[in-house]
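Enquirer: So that we are looking at the same thing, I have put the structure below in structure tokens.
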Amino acid sequence: MTTPSTYDFAVIEPKWQDYWKQNKTFKAIDCDTTREKLYVLDMFPYPSGAGLHVGHPEGYTATDIWCRFKRMNGYNVLHAMGWDAFGLPAEQYAVRTGTHPAVTTAKNIQIFKRQLEAFGFSFDWDREINTTDPNYYKWTQWIFAQLYKKGLAYESNEPVNWCPELGTVLANEEVINGRSEVGNYPVIRKPIRQWVLKITEYAQELLDGIDDLDWPEGTKEMQKNWIGRSTGAEVDFKVANTDETIRVYTTRPDTLFGATYMVLAPEHPLVAKITTSDRADAVQKYIEVTHTKSDLDRTETKDKTGEFTGAYAINPVNNTKIPIWISDYVLISYGTGAIMAVPAHDTRDFEFAKKFKLPIICIMTPDPKACEAAGVNIDEVLAGNACWPEDGILMNSSNEEVSLNGLHVEDSKKAITEWLEKKGIGTPTVNFKLRDWLFSRQRYWGEPFPLIHMEDGTVKLVDESELPVILPELENYKPTDDGEPPLARATEWLNVVDPETGMKGIRETNTMPQWAGSCWYYLRYIDPHNNEKGWDSEKEKYWMPVDLYVGGAEHAVLHLLYSRFWHKVLYDLGYVTHPEPWKRLIHQGMILGLSYKDQRGALVPNDLVQEKDGKYFHKETGEELAQLPAKMSKSLKNVVNPDDIIKKYGADAFRLYEMFMGPLREVKPWQTEGVEGVFRFLNKVWRMIVNTETGELVAEISDDPITKDQERLLHQTIKKLTEDIETLDFNTAISQLMIFVNEFSKLQKRNRKAIETFVLLLSPIAPHIAEELWQRLGNENTLAYEPWPKFDEEKLKLDQVEVLVQVNGKPKARIQVPAEADKDQLIEIAKQNPSIMPLIDGKTIVKEIAVPGRLVNIVVK
RNA sequence: GUCCGAGUGGCGGAAUGGCAGACGCACUAGACUUAAAAUCUGGCGAACAUAGUUCGUACGGGUUCGAAUCCCGUCUCGGAUACCA
């Protein structure tokens with residue numbers, strides 16, 4: 001191999017990637033008790049055919065820098081990569097072309113791996129995992145078996161979006177206005193047998209666990225809202241002239257006296273029973289219309305619809321007869337599927353009552369101030385012409401046994417709930433928005449369930465010794481004509497005979513959703529080649545929990561919640577030692593592309609834009625366009641391919657740029673010119689150390705002692721890098737490296753020790769160039785485990801510091817003072833300053849403020 | 001609609017109660033060069049009466065000696081969510 005004299009990343013980068021691979025430099029050592037462990041996790045990618053985009057390496061670079069930094073600080077770091085490789089695109093490709101999804105997947109993984117390796121990430125590649133590998137999904141099936149045995153999996157007929165023309169089930173986002181997005185065919189709601197996981201059984205635990213997590217507050221809030229715990233009461237209402245009782249759920253039992261009607265979900269089981277004959281036709285028609293709508297349609301149209309059933313309920317607090325309606329704004333899946341409507345104090349009920357001219361009775365005097373702040377007229381509320389859903393003082397709310405009058409909402413809730421309980425017609429109740437998890441898909445490319453439907457109607461779990469249940473080969477990946485999943489075509493695989501009893505059975509033909517494999521992958525990295533267990537418990541104890549998890553905010557709820565659920569189950573079963581899998585979580589911000597819009601605000605694809613004198617014009621219409629950041633997309637032609645950038649500037653420049661462009665957590669627009677800037681910086685670093693004519697070290701490298709100013713800059717740089725890398729503030733860390741290079745490049749004598757220290761500081765961020773320079777500086781081993789430089793506070797101190805002097809808050813002078821000068825001394829020096837004296841002379845000094853090392857402010861009158 | 005986040009030069013951003021604009025990009029002047037590139041040095045928020053002064057961190061108010069930063073209200077953009085009684 002030639003040793004280049006100029007900064008030739010195309011030679012240097014493969015050289016060191018090869019070195020790390022050959023020497024297994026980044027091998028994580030299991031159960032090494034001599035060092036502190038650190039488990040750093042990235043969200044593993046779905047290996048799509050499009051290859052890596054610039055968003056992937058953002059989070060991966062951040063964790064890589066952190067890992068390299070922590071290794072130099074003595075940690076035993078576990079950092080690995082794998083493939084979340086089950087999923088729809090490979091299957092759809094298979095349906096179109098007949099190519100087996102495993103073939104497509106293997107090809108895509110190869111591309112992804114080559115791309116990731118080109119970044120020089122310090123993964124322990126010996127721990128690579130793949131969710132579609134039978135040795136991996138064996139344990140996904142095993143975990144399902146544990147859930148099943150614990151009674152957390154059940155079969156249910158769940159309504160799904162069924163498209164008869166396409167013969168398939170569609171996801172909610174694939175259905176638009178009741179028709180399929182592809183082909184515009186009608187879609188109906190059809191109950192299909194599904195496997196469902198009882199995540200609701202863990203709702204409270206999942207909620208309780210959130211508070212102690214070091215996660216972004218917004219994400220924690222989103223999980224809390226998703227779980228959606230509410231407290232209230234269930235109340236029984238008798239149906240007039242029948243023996244039927246309808247139970248409603250309300251969070252506002254205090255408003256019982258204001259209930260003027262009742263609403264049932266159209267699917268409520270009592271609807272048919274209580275509907276009067278004269279209303280039957282209308283009610284039946286309404287139910288049919290509701291059924292053709294998807295959940296999305298039902299919630300999108302805010303305009304309230306409904307029908308009167310003809311029946312009446314008796315309000316138990318005052319024996320008033322109130323009409324019973326049905327409407328799709330009441331959901332069968334939440335609470336009891338029935339509500340009492342209090343239009344005066346609930347906005348949805350108010351809208352409904354207005355539309356159908358139902359009575360509105362105000363039973364609460366709002367706080368006038370709160371009312372005004374909300375822009376609501378208090379008299380309108382009292383007259384029943386406006387809705388007030390907030391706090392207030394109750395009125396018109398009493399019967400012979402209980403009175404809420406004069407009480408606030410909270411106290412009223414307590415009082416009325418106690419009364420309801422005593423009468424045996426109500427109970428305090430907790431409800432969750434969280435629904436059980438629909439866990440099966442009618443697809444081919446997913447984990448088969450380890451389940452057999454036996455002849456006698458029972459379901460048998462496949463014995464652990466027979467796992468994995470391997471996905472069978474198929475010719476045709478489409479669902480069958482009668483709507484069975486593709487696996488129903490695998491006739492040989494399908495039929496089994498129980499070896500013990502001789503009973504026949506049919507395997508489950510649904511497969512697991514893509515979430516399954518990603519629910520526990522962080523446990524497999526710990527022990528990826530174990531054939532006896534999913535993971536060894538000693539290793540689990542050593543490595544878990546994950547210390548830092550970095551990934552996109554789009555997974556804030558689903559993946560992160562599902563995975564926490566599985567982990568809690570495994571914890572309860574004693575397979576893991578911590579109740580939560582990830583201690584600290586960070587979301588990297590999205591990287592946007594540059595795009596252009598015309599005067600009407602329509603986006604114009606980048607290939608139709610031309611630049612002229614710093615302005616942008618439409619190639620065809622000539623209209624001037626405005627530049628703006630927009631999501632990268634094929635249609636806008638603004639996708640940046642990392643391969644192109646690495647080819648032109650190298651991986652170190654790419655890494656440096658993505659970390660320098662702004663704070664990790666923020667959304668940032670990609671600007672290729674910015675890469676040029678950091679590339680220039682790397683060249684400058686190279687020239688600071690290597691003579692580009694000879695390839696030898698530059699003559700300026702010196703063993704002479706360092707000056708005090710240089711030493712201060714060095715220690716400032718160590719301090720800044722140490723602190724900023726710890727907190728993942730890479731953009732400011734890099735700017736400090738630039739300041740160092742700008743100064744040291746000017747020096748005729750560049751102290752060898754200082755230069756070596758700089759190379760170590762640069763190494764986590766730009767590891768290839770750093771290794772190369774480290775070697776050229778005469779070191780034999782990789783710098784990956786060199787001790788991280790330490791800074792000395794004493795060496796950061798200045799003898800003299802500049803302090804700003806303000807008069808009445810306006811900057812007036814800058815003075816040099818001894819660094820240790822205290823407040824009184826500062827004020828004294830400031831007052832004697834020639835440009836300050838005339839400003840305060842003859843005036844009354846009202847106040848004197850001094851902040852040592854920063855400023856003095858003299859307030860005069 | 002609700003919840004969360006963000007608004008600072010031509011651009012990415014820095015400063016989270018103490019000199020607004022570090023560092024970088026773009027632009028610009030100069031040096032080197034036959035020339036260009038690269039490199040080096042300088043300039044680069046706005047206005048004006050230009051060795052200076054005033055204004056300036058989305059907008060309006062407030063707290064403070066002092067606010068980009070804290071508080072109240074408004075607007076705009078981005079993300080999430082969707083009638084959960």
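Numbering starts fresh at 1 for the residues of each chain in the structure tokens, the chains themselves are lettered A, B, ... in the order given, and ligands are numbered from 1 as they appear.
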As a ChimeraX atom specification, list the residues of range 146-372 of chain A assigned to strand (DSSP E or B) by DSSP on the backbone atoms of this structure.
Expert: /A:153-163,168-170,175-176,179-180,186,188-197,214,229-239,245-250,261-264,307-315,320-326,338-341,364-366
Enquirer: What residues in chain B have any atom no more than 6 Å from chain A when counting only C-alpha atoms (C1' of nucleotides), and can you write them as a list in words?
Expert: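 Residues passing the distance filter: C4, G12, C23, C25, G66, C83, C84 and A85 of chain B.
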Enquirer: Pick out the residues sitting within 12 Å of Gln141 in chain A, and hand them over as a ChimeraX atom specification; count only C-alpha atoms (C1' of nucleotides), and ignore anything fewer than 5 positions along from it in its own chain.
Expert: /A:131-132,134-136,146-148,446-451,461-471,511-512,516-517,519-520,534
Enquirer: Report as a ChimeraX atom specification all protein, DNA and RNA residues lying within 12 Å of G73 in chain B, evaluated on only C-alpha atoms (C1' of nucleotides), omitting residues in the same chain fewer than 6 positions from it.
Expert: /A:373 /B:59-62
Enquirer: DSSP on the backbone, then: every residue of range 203-428 of chain A marked alpha helix (DSSP H), written as a ChimeraX atom specification.
Expert: /A:203-210,217-227,271-274,280-292,295-300,347-356,368-373,378-382,409-423
Enquirer: Closest to Leu256 in chain A among A:Lys238, A:Ala280, A:Leu206, A:Leu404, using only C-alpha atoms?
Expert: A:Leu404
Enquirer: Tell me which protein, DNA and RNA residues are within 9 Å of Gly209 in chain A, counting only C-alpha atoms (C1' of nucleotides), leaving out same-chain ones fewer than 4 positions away, and put them as a PyMOL selection string.
Expert: chain A and resi 204-205+213+579-580
Enquirer: Residues near G45 in chain B, anyone? I mean within 12 Å using only C-alpha atoms (C1' of nucleotides), not counting same-chain ones fewer than 2 positions away, as a list in words.
Expert: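 That gives U8, G9, G10, A20, G21, A47, C55, G56 and U57 of chain B.
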Enquirer: Next, dump the selected residues to file, keeping only N, CA and C atoms (P, O5', C5', C4', C3', O3' and C1' of nucleotides), as a PDB file, in the first residue's frame.
Expert:
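selection.pdb was written with the following content:
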ATOM      1  P     U B   8     -35.150  32.432  12.924  1.00  0.00           P
ATOM      2  O5'   U B   8     -34.367  33.339  13.962  1.00  0.00           O
ATOM      3  C5'   U B   8     -34.674  34.730  14.061  1.00  0.00           C
ATOM      4  C4'   U B   8     -33.500  35.464  14.646  1.00  0.00           C
ATOM      5  C3'   U B   8     -32.299  35.576  13.716  1.00  0.00           C
ATOM      6  O3'   U B   8     -32.463  36.678  12.843  1.00  0.00           O
ATOM      7  C1'   U B   8     -31.580  34.919  15.882  1.00  0.00           C
ATOM      8  P     G B   9     -32.459  36.459  11.296  1.00  0.00           P
ATOM      9  O5'   G B   9     -30.878  36.401  11.025  1.00  0.00           O
ATOM     10  C5'   G B   9     -30.429  36.400   9.717  1.00  0.00           C
ATOM     11  C4'   G B   9     -29.699  37.689   9.423  1.00  0.00           C
ATOM     12  C3'   G B   9     -29.164  37.745   7.987  1.00  0.00           C
ATOM     13  O3'   G B   9     -29.216  39.095   7.548  1.00  0.00           O
ATOM     14  C1'   G B   9     -27.379  37.960   9.529  1.00  0.00           C
ATOM     15  P     G B  10     -30.215  39.413   6.358  1.00  0.00           P
ATOM     16  O5'   G B  10     -29.739  38.377   5.241  1.00  0.00           O
ATOM     17  C5'   G B  10     -30.403  38.349   3.995  1.00  0.00           C
ATOM     18  C4'   G B  10     -30.000  37.125   3.229  1.00  0.00           C
ATOM     19  C3'   G B  10     -29.830  35.853   4.052  1.00  0.00           C
ATOM     20  O3'   G B  10     -31.062  35.244   4.362  1.00  0.00           O
ATOM     21  C1'   G B  10     -28.007  36.064   2.570  1.00  0.00           C
ATOM     22  P     A B  20     -24.281  43.456  23.452  1.00  0.00           P
ATOM     23  O5'   A B  20     -24.783  42.170  22.686  1.00  0.00           O
ATOM     24  C5'   A B  20     -24.167  41.821  21.469  1.00  0.00           C
ATOM     25  C4'   A B  20     -24.312  40.345  21.263  1.00  0.00           C
ATOM     26  C3'   A B  20     -23.755  39.878  19.935  1.00  0.00           C
ATOM     27  O3'   A B  20     -22.389  39.540  20.101  1.00  0.00           O
ATOM     28  C1'   A B  20     -25.967  39.080  20.195  1.00  0.00           C
ATOM     29  P     G B  21     -21.342  39.632  18.934  1.00  0.00           P
ATOM     30  O5'   G B  21     -21.810  38.477  17.952  1.00  0.00           O
ATOM     31  C5'   G B  21     -21.783  37.107  18.358  1.00  0.00           C
ATOM     32  C4'   G B  21     -22.418  36.300  17.269  1.00  0.00           C
ATOM     33  C3'   G B  21     -21.738  36.461  15.929  1.00  0.00           C
ATOM     34  O3'   G B  21     -20.782  35.420  15.833  1.00  0.00           O
ATOM     35  C1'   G B  21     -24.122  36.626  15.718  1.00  0.00           C
ATOM     36  P     A B  47     -28.579  49.340   5.136  1.00  0.00           P
ATOM     37  O5'   A B  47     -29.053  50.597   5.988  1.00  0.00           O
ATOM     38  C5'   A B  47     -30.430  50.992   5.978  1.00  0.00           C
ATOM     39  C4'   A B  47     -30.641  52.064   7.008  1.00  0.00           C
ATOM     40  C3'   A B  47     -29.751  53.285   6.848  1.00  0.00           C
ATOM     41  O3'   A B  47     -30.263  54.181   5.881  1.00  0.00           O
ATOM     42  C1'   A B  47     -29.737  52.596   9.101  1.00  0.00           C
ATOM     43  P     C B  55     -31.218  52.937  20.681  1.00  0.00           P
ATOM     44  O5'   C B  55     -31.715  51.983  19.502  1.00  0.00           O
ATOM     45  C5'   C B  55     -32.974  52.230  18.867  1.00  0.00           C
ATOM     46  C4'   C B  55     -33.095  51.394  17.613  1.00  0.00           C
ATOM     47  C3'   C B  55     -33.116  49.882  17.822  1.00  0.00           C
ATOM     48  O3'   C B  55     -34.386  49.419  18.255  1.00  0.00           O
ATOM     49  C1'   C B  55     -31.687  50.389  16.025  1.00  0.00           C
ATOM     50  P     G B  56     -34.471  48.136  19.179  1.00  0.00           P
ATOM     51  O5'   G B  56     -33.933  46.988  18.225  1.00  0.00           O
ATOM     52  C5'   G B  56     -34.740  46.529  17.140  1.00  0.00           C
ATOM     53  C4'   G B  56     -33.973  45.505  16.340  1.00  0.00           C
ATOM     54  C3'   G B  56     -33.606  44.236  17.110  1.00  0.00           C
ATOM     55  O3'   G B  56     -34.702  43.344  17.119  1.00  0.00           O
ATOM     56  C1'   G B  56     -31.730  45.008  15.891  1.00  0.00           C
ATOM     57  P     U B  57     -34.961  42.362  18.330  1.00  0.00           P
ATOM     58  O5'   U B  57     -34.227  41.037  17.849  1.00  0.00           O
ATOM     59  C5'   U B  57     -34.593  40.426  16.608  1.00  0.00           C
ATOM     60  C4'   U B  57     -34.362  38.938  16.693  1.00  0.00           C
ATOM     61  C3'   U B  57     -35.253  38.226  17.725  1.00  0.00           C
ATOM     62  O3'   U B  57     -35.627  36.975  17.192  1.00  0.00           O
ATOM     63  C1'   U B  57     -32.985  37.805  18.200  1.00  0.00           C
TER      64        U B  57
END
Enquirer: Name all residues at most 8 Å from A58 in chain B (count only C-alpha atoms (C1' of nucleotides); drop same-chain ones fewer than 6 positions away) and give them as a ChimeraX atom specification.
Expert: /B:7,75-76
Enquirer: Go through B:U81, B:U53, B:U16, B:U39 one by one, measure the shortest atom-to-atom distance of each to U69 in chain B using only C-alpha atoms (C1' of nucleotides), and give the residue with the smallest value.
Expert: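 Selected residue with least distance to U69 in chain B: B:U16.
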Enquirer: Looking at A:Trp437, A:Trp686, A:Tyr137, A:Trp774, which one is nearest to Ser563 in chain A, with distances taken over only C-alpha atoms?
Expert: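 Among the listed residues, A:Trp437 lies closest to Ser563 in chain A.
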Enquirer: For Leu474 in chain A, which residue out of A:Ile143, A:His100, A:Met364, A:Ala766 is the nearest one, using only C-alpha atoms?
Expert: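 Under the stated criterion, the closest residue is A:His100.
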